$ cat upload-v3.cif   # mmCIF, C-alpha atoms
data_upload
#
loop_
_atom_site.label_atom_id
_atom_site.label_comp_id
_atom_site.auth_asym_id
_atom_site.auth_seq_id
_atom_site.Cartn_x
_atom_site.Cartn_y
_atom_site.Cartn_z
CA MET A 1 -5.31 -45.40 -32.57
CA GLY A 2 -7.22 -45.39 -35.80
CA ARG A 3 -8.38 -42.56 -37.98
CA GLU A 4 -11.02 -41.45 -35.54
CA MET A 5 -10.80 -37.78 -34.54
CA LEU A 6 -10.81 -38.27 -30.83
CA ALA A 7 -10.25 -41.39 -28.78
CA VAL A 8 -10.87 -41.20 -25.06
CA ASP A 9 -10.41 -43.90 -22.45
CA VAL A 10 -10.07 -42.39 -19.01
CA GLU A 11 -10.59 -43.13 -15.36
CA LYS A 12 -10.92 -40.67 -12.53
CA ARG A 13 -12.03 -41.07 -8.94
CA LEU A 14 -14.58 -38.46 -8.04
CA ALA A 15 -16.28 -37.64 -4.76
CA ASP A 16 -19.24 -40.00 -5.11
CA PHE A 17 -18.28 -42.38 -7.91
CA THR A 18 -15.48 -43.45 -10.18
CA LEU A 19 -15.70 -42.15 -13.69
CA HIS A 20 -14.61 -44.64 -16.29
CA ALA A 21 -15.46 -43.61 -19.80
CA ALA A 22 -14.27 -44.80 -23.16
CA PHE A 23 -15.57 -43.53 -26.47
CA GLU A 24 -14.45 -42.31 -29.85
CA SER A 25 -15.74 -39.55 -32.00
CA ALA A 26 -15.36 -38.69 -35.65
CA SER A 27 -16.00 -35.43 -37.48
CA GLY A 28 -19.33 -33.72 -36.95
CA VAL A 29 -20.89 -33.16 -33.56
CA THR A 30 -20.65 -35.81 -30.88
CA ALA A 31 -22.96 -35.16 -27.97
CA LEU A 32 -22.03 -36.20 -24.46
CA PHE A 33 -25.52 -36.65 -23.19
CA GLY A 34 -26.75 -37.57 -19.75
CA PRO A 35 -28.20 -36.28 -16.49
CA SER A 36 -26.37 -33.73 -14.36
CA GLY A 37 -23.67 -35.35 -12.33
CA ALA A 38 -23.00 -38.07 -14.89
CA GLY A 39 -19.46 -36.75 -15.36
CA LYS A 40 -19.87 -34.90 -18.68
CA THR A 41 -18.02 -31.74 -17.69
CA THR A 42 -15.34 -33.81 -15.98
CA ILE A 43 -14.69 -35.59 -19.27
CA VAL A 44 -14.40 -32.43 -21.37
CA ASN A 45 -12.13 -30.87 -18.75
CA MET A 46 -9.87 -33.90 -19.06
CA ILE A 47 -9.89 -33.60 -22.86
CA ALA A 48 -8.97 -29.92 -22.54
CA GLY A 49 -6.22 -30.72 -20.06
CA LEU A 50 -7.76 -28.74 -17.20
CA LEU A 51 -8.18 -31.90 -15.15
CA LYS A 52 -5.82 -34.84 -14.98
CA PRO A 53 -7.24 -38.36 -15.30
CA ASP A 54 -5.98 -40.99 -12.85
CA ARG A 55 -5.52 -43.51 -15.63
CA GLY A 56 -6.03 -43.87 -19.34
CA ARG A 57 -5.26 -42.07 -22.54
CA ILE A 58 -6.63 -39.37 -24.78
CA ALA A 59 -5.64 -39.12 -28.43
CA LEU A 60 -6.57 -36.49 -30.96
CA ASN A 61 -6.07 -37.25 -34.67
CA GLY A 62 -3.74 -40.04 -33.61
CA ASP A 63 -1.67 -37.68 -31.42
CA LEU A 64 -1.51 -38.67 -27.78
CA VAL A 65 -2.30 -35.65 -25.64
CA PHE A 66 -2.52 -37.74 -22.51
CA ASP A 67 -1.25 -41.19 -21.63
CA ALA A 68 -0.86 -42.05 -17.99
CA ALA A 69 1.25 -45.13 -18.68
CA ALA A 70 3.68 -43.28 -20.96
CA ARG A 71 3.59 -40.18 -18.71
CA ILE A 72 2.40 -37.98 -21.53
CA ASP A 73 0.41 -34.96 -20.44
CA VAL A 74 0.46 -32.16 -23.02
CA PRO A 75 -0.33 -28.90 -21.19
CA THR A 76 -3.66 -27.26 -21.98
CA TRP A 77 -2.10 -24.34 -23.83
CA ARG A 78 -0.36 -26.66 -26.30
CA ARG A 79 -3.36 -28.87 -27.06
CA ARG A 80 -5.12 -26.46 -29.43
CA ILE A 81 -8.52 -27.59 -28.30
CA GLY A 82 -11.14 -24.84 -28.24
CA TYR A 83 -13.47 -24.68 -25.25
CA VAL A 84 -16.77 -22.85 -24.97
CA PHE A 85 -17.69 -22.72 -21.30
CA GLN A 86 -21.15 -22.71 -19.84
CA GLU A 87 -20.69 -19.17 -18.49
CA GLY A 88 -18.73 -17.83 -21.46
CA ARG A 89 -15.71 -16.76 -19.44
CA LEU A 90 -14.91 -13.80 -21.63
CA PHE A 91 -12.08 -11.63 -20.39
CA PRO A 92 -13.80 -8.68 -18.70
CA HIS A 93 -10.86 -6.32 -19.20
CA PHE A 94 -10.70 -6.74 -22.98
CA SER A 95 -13.10 -5.57 -25.67
CA VAL A 96 -15.01 -8.15 -27.70
CA ARG A 97 -12.57 -7.67 -30.58
CA HIS A 98 -9.62 -8.27 -28.28
CA ASN A 99 -11.32 -11.33 -26.79
CA LEU A 100 -11.85 -12.78 -30.26
CA ASP A 101 -8.25 -12.06 -31.16
CA TYR A 102 -6.76 -13.54 -27.99
CA GLY A 103 -6.00 -17.02 -29.36
CA ARG A 104 -4.24 -15.65 -32.42
CA TRP A 105 -2.34 -13.19 -30.23
CA MET A 106 -1.10 -16.01 -27.99
CA SER A 107 -0.08 -18.21 -30.92
CA GLY A 108 1.87 -15.32 -32.43
CA GLU A 109 0.39 -15.97 -35.86
CA ALA A 110 -0.22 -13.15 -38.32
CA ALA A 111 -3.66 -11.59 -38.38
CA GLU A 112 -6.10 -13.23 -40.78
CA PRO A 113 -8.72 -10.61 -41.52
CA ALA A 114 -10.61 -13.02 -43.77
CA ALA A 115 -11.00 -15.66 -41.07
CA PHE A 116 -11.86 -13.01 -38.50
CA GLY A 117 -14.45 -11.45 -40.77
CA HIS A 118 -15.93 -14.82 -41.57
CA ALA A 119 -16.33 -15.81 -37.93
CA VAL A 120 -17.79 -12.41 -37.07
CA GLU A 121 -20.29 -12.75 -39.87
CA LEU A 122 -21.10 -16.38 -39.08
CA LEU A 123 -21.95 -15.48 -35.49
CA ASP A 124 -23.38 -12.06 -36.31
CA ILE A 125 -21.32 -10.18 -33.74
CA GLY A 126 -19.94 -7.36 -35.91
CA HIS A 127 -21.86 -4.69 -34.03
CA LEU A 128 -20.41 -5.82 -30.70
CA LEU A 129 -16.71 -5.64 -31.49
CA ASP A 130 -15.91 -2.49 -29.53
CA ARG A 131 -18.00 -3.35 -26.50
CA ARG A 132 -16.85 -4.84 -23.25
CA PRO A 133 -18.16 -8.27 -22.21
CA GLY A 134 -19.88 -6.66 -19.21
CA LYS A 135 -22.26 -4.90 -21.59
CA LEU A 136 -23.38 -7.97 -23.51
CA SER A 137 -26.54 -9.99 -23.11
CA GLY A 138 -26.24 -13.70 -22.28
CA GLY A 139 -26.82 -14.77 -25.88
CA GLU A 140 -24.33 -12.26 -27.25
CA ARG A 141 -21.76 -13.35 -24.72
CA GLN A 142 -22.07 -17.01 -25.74
CA ARG A 143 -21.77 -16.12 -29.44
CA VAL A 144 -18.58 -14.18 -28.71
CA ALA A 145 -17.29 -17.10 -26.64
CA ILE A 146 -17.95 -19.44 -29.56
CA GLY A 147 -16.18 -17.03 -31.91
CA ARG A 148 -13.22 -16.74 -29.61
CA ALA A 149 -12.78 -20.52 -29.50
CA LEU A 150 -13.37 -20.85 -33.24
CA LEU A 151 -10.76 -18.21 -34.13
CA MET A 152 -7.92 -20.08 -32.47
CA SER A 153 -8.39 -22.64 -35.32
CA PRO A 154 -8.89 -25.50 -32.90
CA ARG A 155 -8.40 -29.13 -33.80
CA LEU A 156 -11.51 -29.86 -31.80
CA LEU A 157 -14.15 -27.67 -30.19
CA LEU A 158 -15.56 -28.51 -26.78
CA LEU A 159 -18.91 -26.97 -25.89
CA ASP A 160 -20.00 -27.48 -22.30
CA GLU A 161 -23.73 -26.76 -22.04
CA PRO A 162 -23.24 -23.52 -23.96
CA LEU A 163 -26.97 -22.77 -23.83
CA ALA A 164 -27.57 -23.67 -20.19
CA SER A 165 -27.34 -20.10 -18.93
CA LEU A 166 -29.88 -18.82 -21.45
CA ASP A 167 -33.67 -18.75 -21.36
CA ALA A 168 -35.68 -20.80 -23.85
CA ALA A 169 -36.08 -18.00 -26.40
CA ARG A 170 -32.36 -17.16 -26.36
CA LYS A 171 -31.55 -20.84 -26.81
CA GLN A 172 -33.57 -20.91 -29.99
CA ASP A 173 -31.58 -17.89 -31.19
CA ILE A 174 -28.23 -19.59 -30.73
CA VAL A 175 -29.01 -23.01 -32.20
CA PRO A 176 -28.86 -21.81 -35.84
CA TYR A 177 -25.36 -20.44 -35.22
CA LEU A 178 -24.28 -23.80 -33.85
CA LEU A 179 -25.70 -25.52 -36.93
CA ARG A 180 -23.77 -23.12 -39.17
CA LEU A 181 -20.66 -23.87 -37.15
CA ARG A 182 -21.22 -27.57 -37.76
CA ASP A 183 -22.09 -27.33 -41.45
CA GLU A 184 -19.97 -24.39 -42.62
CA ALA A 185 -16.94 -24.15 -40.34
CA LYS A 186 -16.76 -27.96 -40.19
CA VAL A 187 -14.95 -28.00 -36.87
CA PRO A 188 -15.38 -31.31 -35.07
CA MET A 189 -17.24 -30.74 -31.83
CA ILE A 190 -17.94 -32.40 -28.53
CA TYR A 191 -21.23 -31.05 -27.31
CA VAL A 192 -22.21 -31.51 -23.69
CA SER A 193 -25.88 -31.30 -22.80
CA HIS A 194 -28.59 -32.86 -20.69
CA ASP A 195 -31.37 -31.56 -22.94
CA PRO A 196 -32.55 -34.19 -25.47
CA ALA A 197 -34.30 -31.67 -27.73
CA GLU A 198 -31.14 -29.56 -28.00
CA VAL A 199 -28.95 -32.58 -28.67
CA ALA A 200 -31.37 -33.93 -31.28
CA ARG A 201 -31.04 -30.72 -33.30
CA ILE A 202 -27.28 -30.42 -33.17
CA ALA A 203 -25.61 -33.78 -32.69
CA THR A 204 -24.63 -36.25 -35.38
CA ARG A 205 -23.58 -38.86 -32.84
CA VAL A 206 -24.53 -39.45 -29.25
CA VAL A 207 -22.57 -40.86 -26.32
CA ARG A 208 -24.95 -41.44 -23.43
CA LEU A 209 -23.41 -41.25 -19.98
CA GLU A 210 -24.81 -42.51 -16.71
CA SER A 211 -22.98 -42.12 -13.40
CA GLY A 212 -19.56 -41.94 -14.95
CA LYS A 213 -19.99 -44.78 -17.43
CA VAL A 214 -20.81 -44.85 -21.11
CA ALA A 215 -24.28 -46.41 -21.24
CA ALA A 216 -24.62 -46.38 -25.01
CA THR A 217 -23.18 -44.86 -28.14
CA GLY A 218 -24.89 -44.38 -31.45
CA GLY A 219 -27.06 -41.98 -33.42
CA VAL A 220 -29.68 -39.53 -32.22
CA GLU A 221 -32.14 -42.41 -31.86
CA LEU A 222 -30.54 -42.98 -28.42
CA LEU A 223 -32.30 -39.89 -27.19
CA THR A 224 -35.73 -41.41 -27.10
CA MET B 1 11.23 17.18 2.21
CA LEU B 2 12.16 16.22 -1.34
CA LEU B 3 14.38 13.62 0.24
CA SER B 4 11.37 12.05 1.91
CA LEU B 5 9.54 11.86 -1.41
CA ARG B 6 12.56 10.34 -3.08
CA VAL B 7 13.01 7.78 -0.30
CA ALA B 8 9.33 6.83 -0.35
CA THR B 9 9.15 6.67 -4.14
CA VAL B 10 12.28 4.54 -4.48
CA ALA B 11 11.17 2.30 -1.63
CA THR B 12 7.78 1.74 -3.26
CA ALA B 13 9.11 1.28 -6.79
CA VAL B 14 11.77 -1.22 -5.77
CA ALA B 15 9.42 -3.10 -3.46
CA LEU B 16 6.59 -3.36 -6.02
CA PRO B 17 7.93 -6.19 -8.24
CA PHE B 18 8.88 -8.18 -5.16
CA GLY B 19 5.51 -7.41 -3.62
CA ILE B 20 3.68 -8.72 -6.68
CA ALA B 21 5.88 -11.82 -6.86
CA VAL B 22 5.52 -12.64 -3.16
CA ALA B 23 1.79 -11.92 -3.13
CA TYR B 24 1.30 -14.17 -6.16
CA ALA B 25 3.36 -16.97 -4.66
CA LEU B 26 1.55 -16.77 -1.32
CA ALA B 27 -1.89 -16.53 -2.93
CA ARG B 28 -1.44 -19.28 -5.48
CA SER B 29 1.03 -21.89 -4.51
CA SER B 30 1.55 -23.99 -1.47
CA PHE B 31 5.13 -24.88 -0.86
CA TRP B 32 7.17 -26.24 1.97
CA GLY B 33 7.96 -23.44 4.39
CA LYS B 34 5.16 -21.18 3.19
CA PRO B 35 4.07 -20.31 6.76
CA LEU B 36 7.65 -19.26 7.48
CA VAL B 37 7.80 -17.00 4.43
CA GLU B 38 4.44 -15.53 5.41
CA ALA B 39 5.70 -14.86 8.91
CA ILE B 40 8.85 -13.15 7.64
CA VAL B 41 6.88 -10.96 5.25
CA TYR B 42 4.40 -9.85 7.89
CA VAL B 43 6.73 -9.58 10.86
CA PRO B 44 7.62 -5.88 10.36
CA LEU B 45 3.94 -5.17 10.90
CA VAL B 46 4.03 -6.50 14.47
CA LEU B 47 7.62 -5.87 15.54
CA PRO B 48 8.38 -2.54 17.14
CA PRO B 49 9.87 -0.45 14.29
CA VAL B 50 12.95 0.18 16.39
CA VAL B 51 13.56 -3.56 16.53
CA THR B 52 13.27 -3.84 12.75
CA GLY B 53 15.71 -0.94 12.42
CA TYR B 54 18.12 -2.59 14.77
CA LEU B 55 17.90 -5.88 12.90
CA LEU B 56 18.65 -4.00 9.68
CA LEU B 57 21.59 -2.34 11.35
CA ILE B 58 23.15 -5.61 12.43
CA THR B 59 22.49 -7.12 8.98
CA PHE B 60 23.19 -4.30 6.57
CA GLY B 61 25.47 -2.11 8.67
CA ARG B 62 28.90 -1.43 7.21
CA ARG B 63 30.60 -3.98 9.39
CA ALA B 64 27.73 -6.43 9.46
CA PRO B 65 28.03 -9.57 7.29
CA VAL B 66 25.60 -8.69 4.49
CA GLY B 67 26.41 -4.97 4.56
CA ALA B 68 30.17 -5.57 4.33
CA PHE B 69 29.67 -8.03 1.48
CA LEU B 70 27.50 -5.62 -0.52
CA ALA B 71 29.87 -2.71 0.08
CA GLU B 72 32.90 -4.71 -0.95
CA HIS B 73 31.54 -6.42 -4.06
CA PHE B 74 28.91 -4.07 -5.38
CA GLY B 75 29.79 -0.75 -3.76
CA ILE B 76 26.31 -0.63 -2.25
CA VAL B 77 26.30 1.00 1.16
CA PHE B 78 23.09 1.37 3.15
CA SER B 79 24.25 2.57 6.52
CA PHE B 80 23.77 6.28 7.12
CA ARG B 81 22.78 6.86 3.47
CA TRP B 82 19.41 7.74 1.99
CA THR B 83 19.40 4.32 0.30
CA GLY B 84 19.37 2.83 3.79
CA ALA B 85 16.37 4.96 4.64
CA ALA B 86 14.69 3.64 1.47
CA LEU B 87 15.51 0.07 2.48
CA ALA B 88 14.04 0.56 5.94
CA CYS B 89 10.92 2.25 4.54
CA GLY B 90 10.53 -0.44 1.89
CA ILE B 91 10.68 -3.22 4.44
CA MET B 92 8.23 -1.51 6.73
CA ALA B 93 5.82 -0.91 3.85
CA PHE B 94 6.18 -4.37 2.31
CA PRO B 95 3.55 -6.23 4.39
CA LEU B 96 0.83 -3.72 3.54
CA MET B 97 1.67 -3.98 -0.13
CA VAL B 98 1.69 -7.78 -0.14
CA ARG B 99 -1.61 -7.90 1.75
CA ALA B 100 -3.42 -5.56 -0.67
CA ILE B 101 -2.07 -7.25 -3.80
CA GLY B 102 -2.63 -10.73 -2.39
CA LEU B 103 -6.28 -10.03 -1.66
CA SER B 104 -6.87 -8.82 -5.20
CA ILE B 105 -5.14 -11.86 -6.69
CA GLU B 106 -7.23 -14.19 -4.54
CA ALA B 107 -10.37 -12.45 -5.78
CA ILE B 108 -9.61 -13.24 -9.42
CA ASP B 109 -11.81 -15.86 -11.06
CA ARG B 110 -9.32 -18.61 -11.83
CA ARG B 111 -11.65 -20.01 -14.45
CA LEU B 112 -10.63 -17.06 -16.62
CA GLU B 113 -7.05 -18.28 -16.39
CA ASP B 114 -8.21 -21.75 -17.47
CA ALA B 115 -10.00 -20.15 -20.40
CA ALA B 116 -6.79 -18.36 -21.38
CA ALA B 117 -4.90 -21.66 -21.25
CA THR B 118 -7.38 -23.33 -23.63
CA LEU B 119 -6.75 -20.41 -26.00
CA GLY B 120 -3.05 -21.21 -26.11
CA ALA B 121 -1.64 -18.89 -23.44
CA ASN B 122 1.30 -20.32 -21.54
CA PRO B 123 1.53 -19.67 -17.80
CA MET B 124 3.66 -16.54 -18.24
CA TRP B 125 1.23 -15.02 -20.73
CA ILE B 126 -1.71 -15.95 -18.55
CA PHE B 127 -0.08 -14.02 -15.73
CA LEU B 128 0.70 -11.00 -17.91
CA THR B 129 -2.56 -10.78 -19.84
CA VAL B 130 -5.13 -12.01 -17.32
CA THR B 131 -3.89 -12.15 -13.74
CA LEU B 132 -1.92 -8.91 -13.66
CA PRO B 133 -4.53 -6.67 -15.35
CA LEU B 134 -7.31 -8.09 -13.18
CA ALA B 135 -5.24 -7.48 -10.05
CA LEU B 136 -4.45 -3.90 -11.08
CA PRO B 137 -6.80 -2.16 -8.64
CA GLY B 138 -5.20 -4.07 -5.77
CA ILE B 139 -1.72 -3.35 -7.08
CA ILE B 140 -2.44 0.38 -7.21
CA ALA B 141 -3.93 0.32 -3.73
CA GLY B 142 -0.96 -1.67 -2.43
CA ALA B 143 1.57 0.70 -3.96
CA MET B 144 -0.19 3.75 -2.55
CA LEU B 145 -0.49 2.24 0.91
CA ALA B 146 3.18 1.37 0.79
CA PHE B 147 4.06 4.88 -0.37
CA ALA B 148 2.11 6.46 2.48
CA ARG B 149 3.61 4.05 4.98
CA ALA B 150 7.11 4.76 3.67
CA LEU B 151 6.51 8.48 3.93
CA GLY B 152 5.45 8.10 7.54
CA GLU B 153 8.21 5.75 8.56
CA PHE B 154 10.18 6.87 11.60
CA GLY B 155 11.34 4.24 14.06
CA ALA B 156 13.11 1.74 11.81
CA THR B 157 14.75 4.43 9.76
CA ILE B 158 16.10 6.49 12.64
CA THR B 159 17.47 3.35 14.28
CA PHE B 160 19.08 2.05 11.10
CA VAL B 161 20.45 5.15 9.42
CA SER B 162 20.08 7.82 12.10
CA ASN B 163 18.79 11.31 11.49
CA ILE B 164 21.26 13.15 9.29
CA PRO B 165 19.88 16.34 7.72
CA GLY B 166 20.04 16.14 3.94
CA GLU B 167 20.95 12.46 3.89
CA THR B 168 18.68 10.35 6.03
CA GLN B 169 16.41 12.87 7.73
CA ILE B 170 13.02 11.99 6.34
CA ILE B 171 9.98 14.07 7.14
CA SER B 172 8.86 12.39 10.37
CA ALA B 173 12.37 12.59 11.76
CA ALA B 174 12.62 16.23 10.74
CA ILE B 175 9.34 17.04 12.50
CA TYR B 176 10.50 15.20 15.58
CA THR B 177 13.82 17.09 15.59
CA LEU B 178 12.10 20.44 15.17
CA THR B 179 9.78 19.80 18.10
CA GLN B 180 12.82 19.17 20.25
CA VAL B 181 14.43 22.57 19.57
CA PRO B 182 13.11 25.83 21.03
CA GLY B 183 11.32 27.87 18.40
CA GLY B 184 11.02 24.99 15.98
CA ASP B 185 7.25 24.85 16.26
CA ALA B 186 6.47 26.97 13.21
CA ALA B 187 8.79 24.95 10.97
CA ALA B 188 7.41 21.72 12.41
CA LEU B 189 3.87 22.83 11.73
CA ARG B 190 4.80 23.63 8.14
CA LEU B 191 6.16 20.12 7.66
CA VAL B 192 3.11 18.64 9.34
CA ILE B 193 0.84 20.44 6.87
CA ILE B 194 2.93 19.29 3.91
CA SER B 195 2.83 15.74 5.24
CA VAL B 196 -0.95 15.81 5.64
CA VAL B 197 -1.39 17.22 2.12
CA ILE B 198 0.84 14.58 0.52
CA SER B 199 -0.79 11.72 2.38
CA LEU B 200 -4.30 12.87 1.54
CA GLY B 201 -3.23 13.45 -2.04
CA ALA B 202 -1.83 9.94 -2.32
CA LEU B 203 -5.03 8.51 -0.86
CA ILE B 204 -7.26 10.44 -3.26
CA VAL B 205 -5.14 9.60 -6.31
CA SER B 206 -5.07 5.91 -5.41
CA GLU B 207 -8.82 5.81 -4.83
CA TRP B 208 -9.37 7.47 -8.18
CA LEU B 209 -6.95 5.18 -10.02
CA ALA B 210 -8.37 2.06 -8.42
CA ARG B 211 -11.91 3.13 -9.23
CA ARG B 212 -10.97 3.81 -12.84
CA ALA B 213 -9.22 0.45 -13.13
CA THR B 214 -12.22 -1.33 -11.61
CA ALA B 215 -14.59 0.48 -13.96
CA ARG B 216 -12.46 -0.54 -16.92
CA LEU B 217 -12.65 -4.16 -15.82
CA HIS B 218 -16.39 -4.07 -15.69
CA GLY B 219 -16.79 -2.59 -19.08
CA ALA B 220 -17.61 1.05 -18.53
#
$ encode --input "upload-v3.cif" --output "structure tokens"
Amino acid sequence: MGREMLAVDVEKRLADFTLHAAFESASGVTALFGPSGAGKTTIVNMIAGLLKPDRGRIALNGDLVFDAAARIDVPTWRRRIGYVFQEGRLFPHFSVRHNLDYGRWMSGEAAEPAAFGHAVELLDIGHLLDRRPGKLSGGERQRVAIGRALLMSPRLLLLDEPLASLDAARKQDIVPYLLRLRDEAKVPMIYVSHDPAEVARIATRVVRLESGKVAATGGVELLT
Amino acid sequence: MLLSLRVATVATAVALPFGIAVAYALARSSFWGKPLVEAIVYVPLVLPPVVTGYLLLITFGRRAPVGAFLAEHFGIVFSFRWTGAALACGIMAFPLMVRAIGLSIEAIDRRLEDAAATLGANPMWIFLTVTLPLALPGIIAGAMLAFARALGEFGATITFVSNIPGETQIISAAIYTLTQVPGGDAAALRLVIISVVISLGALIVSEWLARRATARLHGA
């Protein structure tokens, strides 16, 4: 394993095809780009540890988090990989503030008001802190979900079609926040999307997937 | 009367942690012998209560194997004590409790538990901070159902620990006894009214609690 952020080489039998994907990503935003059903979500779930590959290995900053041959499988909760899900998945029984604080609470680390304040400001969610997720709009919910993942100080942030549940206007609202996340928070990200326009704006690197295989890797020129 | 409340409360309180554990295990894991465990949990629901009482008697009676062991080593005696009544009530109420809690656990969106794991929560914390709070309406409903069932228990209790005034005579047994003696009607009626009031009260309180818990979940 070199100095690359993330190195993935995994195989998994799925219902209608076998996924076999190998790629590496550095800092910045790497887009996993391809049509629905190409295996994008499957790959991020394997990186997060929510799904176990049949074969292969996954390394993060040179740390093996999964290696089938060596029987290494670090459980999800020890991987410190943030995940922003398509549907947000905020905890309905906690306030927004409590949702944002959940990662820190679980790690047992002391509160960092500065980091909290910065994330809240970055995502412009200060006015939502005392609300419940049930009372948020789709765009607000996704911003809180991004904040929640960001505040666990992840080594890597996975975003699985975070804009897919939003209408076109809402999407345009969120994109600037994602760009700030990329340029200011400087968290390395894996960004899953099937929308070339969205990927072109956000990604610094593109991995194009087709039916479970990596068809090409390179810059945003792959999108055309 | 107070005895009945104490028996039902103790039965419910002691059964609750087991009820949650069993419901969780049955809802979430598949293990060898799961159908057998399921059958044992639900069997008091279909057995005649007298049969359950008799089985308790030959298991936990003073001279029965388990009963003798408990009495000798821990000083715990069930037979002909109010604790025995609580045991019988608890076992009779257990299936209802497990059913209600199990349904609410099955209804939980497991993707929220995955989300908690990505945020660094280990399985125990996921259970405590996500699963348990989301199952709360079902847990309240299960506890109240169990309480009402325990309060109404008759057959298993009378078979297991008899009908001793002040020790094991819970409300249903007392009503039954009073109807058997001449002139006991007025006293029986009084107990019947108390019983109806408590049961309705438990139902209303549980409805209210469950509704409040559900509302909290959905961000009211």
$ closest_atom_pairs --input "upload-v3.cif" --of "chain A" --to "chain B" --cutoff "6 Å" --atoms "all atoms listed in the file" --output "CSV"
residue,atom,partner,partner_atom,distance
A:Thr76,CA,B:Thr118,CA,5.7
A:Trp77,CA,B:Gly120,CA,4.0
A:Arg89,CA,B:Leu112,CA,5.8
A:Pro92,CA,B:Leu217,CA,5.5
A:His93,CA,B:Leu217,CA,4.4
A:Gly103,CA,B:Leu119,CA,4.8
A:Met106,CA,B:Ala121,CA,5.4
A:Arg132,CA,B:Gly219,CA,4.7
A:Gly134,CA,B:Gly219,CA,5.1
$ residues_around --input "upload-v3.cif" --residues "region 28-30 of chain A" --least-positions-apart "3" --cutoff "10 Å" --atoms "only C-alpha atoms" --output "MDAnalysis selection string"
chainID A and resid 5 24:25 33 157:158 178:179 181:183 186:192 199 202:207 217:220
$ resolve_selection --input "upload-v3.cif" --expression "the PyMOL selection byres ((chain A and resi 163-168) around 7)" --output "list in words"
Gln86, Glu87, Gly138, Gly139, Glu161, Pro162, Ala169, Arg170, Lys171 and Gln172 of chain A
$ closest_atom_pairs --input "upload-v3.cif" --of "region 50-92 of chain B" --to "region 157-176 of chain B" --cutoff "9 Å" --atoms "only C-alpha atoms" --output "JSON lines"
{"residue": "B:Val50", "atom": "CA", "partner": "B:Thr159", "partner_atom": "CA", "distance": 5.9}
{"residue": "B:Val51", "atom": "CA", "partner": "B:Thr159", "partner_atom": "CA", "distance": 8.3}
{"residue": "B:Thr52", "atom": "CA", "partner": "B:Phe160", "partner_atom": "CA", "distance": 8.4}
{"residue": "B:Gly53", "atom": "CA", "partner": "B:Phe160", "partner_atom": "CA", "distance": 4.7}
{"residue": "B:Tyr54", "atom": "CA", "partner": "B:Phe160", "partner_atom": "CA", "distance": 6.0}
{"residue": "B:Leu55", "atom": "CA", "partner": "B:Phe160", "partner_atom": "CA", "distance": 8.2}
{"residue": "B:Leu56", "atom": "CA", "partner": "B:Phe160", "partner_atom": "CA", "distance": 6.2}
{"residue": "B:Leu57", "atom": "CA", "partner": "B:Phe160", "partner_atom": "CA", "distance": 5.1}
{"residue": "B:Ile58", "atom": "CA", "partner": "B:Phe160", "partner_atom": "CA", "distance": 8.8}
{"residue": "B:Phe60", "atom": "CA", "partner": "B:Phe160", "partner_atom": "CA", "distance": 8.8}
{"residue": "B:Gly61", "atom": "CA", "partner": "B:Phe160", "partner_atom": "CA", "distance": 8.0}
{"residue": "B:Phe78", "atom": "CA", "partner": "B:Val161", "partner_atom": "CA", "distance": 7.8}
{"residue": "B:Ser79", "atom": "CA", "partner": "B:Val161", "partner_atom": "CA", "distance": 5.4}
{"residue": "B:Phe80", "atom": "CA", "partner": "B:Val161", "partner_atom": "CA", "distance": 4.2}
{"residue": "B:Arg81", "atom": "CA", "partner": "B:Glu167", "partner_atom": "CA", "distance": 5.9}
{"residue": "B:Trp82", "atom": "CA", "partner": "B:Thr168", "partner_atom": "CA", "distance": 4.9}
{"residue": "B:Thr83", "atom": "CA", "partner": "B:Thr168", "partner_atom": "CA", "distance": 8.3}
{"residue": "B:Gly84", "atom": "CA", "partner": "B:Val161", "partner_atom": "CA", "distance": 6.2}
{"residue": "B:Ala85", "atom": "CA", "partner": "B:Thr157", "partner_atom": "CA", "distance": 5.4}
{"residue": "B:Ala86", "atom": "CA", "partner": "B:Thr157", "partner_atom": "CA", "distance": 8.3}
{"residue": "B:Leu87", "atom": "CA", "partner": "B:Thr157", "partner_atom": "CA", "distance": 8.5}
{"residue": "B:Ala88", "atom": "CA", "partner": "B:Thr157", "partner_atom": "CA", "distance": 5.5}
{"residue": "B:Cys89", "atom": "CA", "partner": "B:Thr157", "partner_atom": "CA", "distance": 6.8}
$ atom_distance --input "upload-v3.cif" --atom1 "CA of Ile198 (chain B)" --atom2 "CA of Ile140 (chain B)"
16.5 Å
$ resolve_selection --input "upload-v3.cif" --expression "the PyMOL selection byres ((chain A and resi 126-128) around 9)" --output "count of residues only"
16
$ residues_around --input "upload-v3.cif" --residues "Ala48 (chain A)" --least-positions-apart "3" --cutoff "8 Å" --atoms "all atoms listed in the file" --output "mmCIF file with C-alpha atoms, keeping the file's coordinate frame"
data_model
loop_
_atom_site.group_PDB
_atom_site.id
_atom_site.type_symbol
_atom_site.label_atom_id
_atom_site.label_comp_id
_atom_site.auth_asym_id
_atom_site.auth_seq_id
_atom_site.Cartn_x
_atom_site.Cartn_y
_atom_site.Cartn_z
ATOM 1 C CA VAL A 44 -14.400 -32.430 -21.370
ATOM 2 C CA ASN A 45 -12.130 -30.870 -18.750
ATOM 3 C CA LEU A 51 -8.180 -31.900 -15.150
ATOM 4 C CA THR A 76 -3.660 -27.260 -21.980
ATOM 5 C CA ARG A 79 -3.360 -28.870 -27.060
ATOM 6 C CA ILE A 81 -8.520 -27.590 -28.300
ATOM 7 C CA GLY A 82 -11.140 -24.840 -28.240
ATOM 8 C CA TYR A 83 -13.470 -24.680 -25.250
ATOM 9 C CA LEU A 158 -15.560 -28.510 -26.780
ATOM 10 C CA THR B 118 -7.380 -23.330 -23.630
#
